[in-house]
Amino acid sequence: MSVRARTGREETSPTLLFAPVSDAMKDPAFRQRLRATFRMEAREHLHAISGGLFALEKSSVISEQRATVESIFRRTHTLKGAARMVGEEEAESLCQILEQQLGDLKNQATPVAAEVVAELHERLKRLRETLALGDEARAATPPEPLKPAAPAVPDAPPRAPGGGRGLVRVPSARLDALLVHAEELLTAKLTGAQRVAALRAVAERGATWKKEWARIRKEMIEARRFLDDLTPSPVSRELKALVHFLDWNHEFVERFQNDLQQSVKAAGQDQRRLGTMVDALLEETKEVLMLPFTSLLEVFPAFVRETALQQGKEIDLVIVGGETEIDRRVLEEMKDVVMHLVRNSIDHGIDLPEERVAAHKPGRATLTIAVAQKGGNDVEISVSDDGRGIDPAKVTASARRLGLLPDEAVELGESEALSLLFESGFSTKSVATELSGRGLGLAIVREKAEQIGGSVVVESEVARGAAFRLLLPITLARFRGVFVAAQEQPFVIPAAQVRKVIRITEAMIKRVKNQEMFEVDRAPVALVRLSDILGLAPPAKAPAATAPVFVVLLSSGRSSVGLRVEGVPYEQEIVMKGLGRLLAGVRHFVGATIVGSGQIVPVLNASNLVLSALRRGHLPRTAASRSASGAARKKKILIAEDSITSRSLLKSILQAAGFEVKTSVDGAEAFNTLKFEPIDLLISDVQMPRLDGFELTAKVRADPSLSTLPVILITSLASSEDKTRGVQAGANAYLVKSSFDQSDLLESIGRLIP
């Protein structure tokens, strides 16, 4: 095809490699590809323009504003031309209007007014709606952040890495399927390692055979000489044949063992090569699916701005660490989660400008979304604000109002109260709004985080602000798991959720208010059996008192719990699989993994275990009547209490339970009684004249004749420091008067003197 140049004479025109656009647009396939390309380009320009408007809103320096306006202007101009090419006339017209307004601002000598920026936001919103890009899925690779353009240098076409080689577009579903197959190879790697270990164990049995052969070899030599000296006979011939077979057997086993050793060595090398290749494949496949966190945050600036305007609030959105790369699947799972947290911060946390000024805070609030890598395999996403904060007392009151907290549970620590925020149905609002109040948001946050092996905690300071922190795996491909045993059944706890694994003795376990406790870094930590939490059948017989106690220390927020297990065999890399729709809601479990032997092992939810362990209903209890049952004689209890009312009440309770009771008015009198009378258990107040309860307990433990006497402290001192001091002094149990329950007292006694 040729054209002629209009110069007044005919000239031969060059052959065109492409048909004119007007002709090419008649091809439906080409038109579809062109529009798809335009939509990708438009999406990039719109995101960049939006970022520029927010930068323009925050800056008040004229030179910076001019550079930003110039960049926005160039983006708008390019988008206008692209819209014209594909026939998007309305979009072209809107770009023209936006371009004219930006042109007027380019040489403006005064800062751009907030009203003008708001008008530009509205025009951009209308342009996005015209192009129907507001609700479409985001592109796999987000646009670069908006930077001031350099007028002297023309825009260069984008180039792909690798010496100009083009990018290949692959549907994300195919990448997901590829990663699933790569993950399956990890199981093959673990199975191969187990098979090599089994081969080594078989080869090592040859050492036993060698030892036995060496033991009888001397006798075999003597037997051969003896048979050589015998007169030939049927018996001697049979014995010689037997000796000959044993010699042949020795040579055969030697050759067999050498071949086995070579096979074990080769299998080990193959397994190591397979492991290296699987690790490399998983790492490279994981990299393909990694995206910067900014790809999740594109909608948030506009959302925060519009929501703040609706509520009459002034909010600056700050994004930190957006370049951190995370598995695309994690980002997809966390999109709604982060939106829930941002929505809650705006509606619940951030106060109105006049309230902030009255509280001596800036009128404009700050909402921060921060991302930071923790270790090699985890990432923390935090959503924080400098608003009202969360009052634990109000949370507890709302929980009681909604029936989520029993009336008898009068004592809740700050962390326990804040953990109620994640209960389904909980809300501090009595009336639901468009943003919140239905009691679902934070429950969904916890559920989503736990489904992918993560956790969520909340930190708050009243009148200063609150922060929700999500600890998530960077990738779902694999993670390390700690294998534990409970009632001879294996379970896995994600290693990222395990604070430490320790081994203690029974003597290191104390009781505080009917709860087993032990010390970690000089701080008391609750101890609970994993089998009790999971509802497994109790052991047929109790372990020996000298047997070691294995404890897995877990933390959730500010709460820590020691999980008592039967053993911690090993830690290894695992691939977690979902439980399926039918088992998705099973408490304490988030998935399962297949180990090298082919066995399916459940994966436990660590934060869920901590919450269950801290609830009294999950702690092992015995009947209060055990205090006196089975006793051949009445047990004698000494009460050291300076308050006559408390002393009389305790005496009445204990006598009704069948105990013999003796009383003392202070610690000094009680210690003298202990020296001269047989006492089975001591109950003491802490604050007493002459000798307080801590000092009395310490003196009892220091006296060889009294060192094993059970001691229960009952006091009004409820702080963690006082409880720690009581445990350090040697008390076996620590009860607080403000929450005193006679069943707790009798149960403690029943455990200490059954």
# chains A, B, ... in the order shown; residues from 1 in each chain; ligands from 1
$ residues_around --residues "range 573-578 of chain A" --least-positions-apart "3" --cutoff "6 Å" --atoms "only C-alpha atoms" --output "VMD selection string"
chain A and resid 478 to 480 591 to 593
$ residues_around --residues "range 179-188 of chain A" --least-positions-apart "2" --cutoff "7 Å" --atoms "only C-alpha atoms" --output "JSON, numbers by chain"
{"A": [175, 176, 177, 190, 191, 192, 278, 281, 282, 285, 477, 575, 594, 595, 596]}
$ select_by_dssp --residues "range 708-750 of chain A" --states "alpha helix (DSSP H)" --output "PyMOL selection string"
chain A and resi 720-729+742-750
$ select_by_dssp --residues "range 476-718 of chain A" --states "strand (DSSP E or B)" --output "VMD selection string"
chain A and resid 479 to 486 489 to 494 498 to 504 510 to 512 515 to 520 523 to 529 549 to 556 559 to 565 567 to 574 577 589 to 594 600 to 604 636 to 640 660 to 664 681 to 684 711 to 715
$ residues_around --residues "Arg123 in chain A" --least-positions-apart "4" --cutoff "10 Å" --atoms "only C-alpha atoms" --output "list in words"
Leu94, Cys95, Ile97, Leu98, Val117, Ala118, Glu119, Leu127, Arg128 and Glu129 of chain A
$ write_last_selection --atoms "C-alpha atoms" --output "mmCIF file, in the first residue's frame"
data_model
loop_
_atom_site.group_PDB
_atom_site.id
_atom_site.type_symbol
_atom_site.label_atom_id
_atom_site.label_comp_id
_atom_site.auth_asym_id
_atom_site.auth_seq_id
_atom_site.Cartn_x
_atom_site.Cartn_y
_atom_site.Cartn_z
ATOM 1 C CA LEU A 94 -12.807 15.889 30.886
ATOM 2 C CA CYS A 95 -9.041 15.702 30.413
ATOM 3 C CA ILE A 97 -11.015 20.733 31.169
ATOM 4 C CA LEU A 98 -8.597 19.381 33.767
ATOM 5 C CA VAL A 117 -7.347 20.988 45.042
ATOM 6 C CA ALA A 118 -10.751 19.709 46.191
ATOM 7 C CA GLU A 119 -12.219 20.700 42.818
ATOM 8 C CA LEU A 127 -12.884 11.003 35.032
ATOM 9 C CA ARG A 128 -12.292 7.703 36.818
ATOM 10 C CA GLU A 129 -16.025 6.978 36.839
#
$ atom_distance --atom1 "CA of Asp347 in chain A" --atom2 "CA of Ser398 in chain A"
17.1 Å
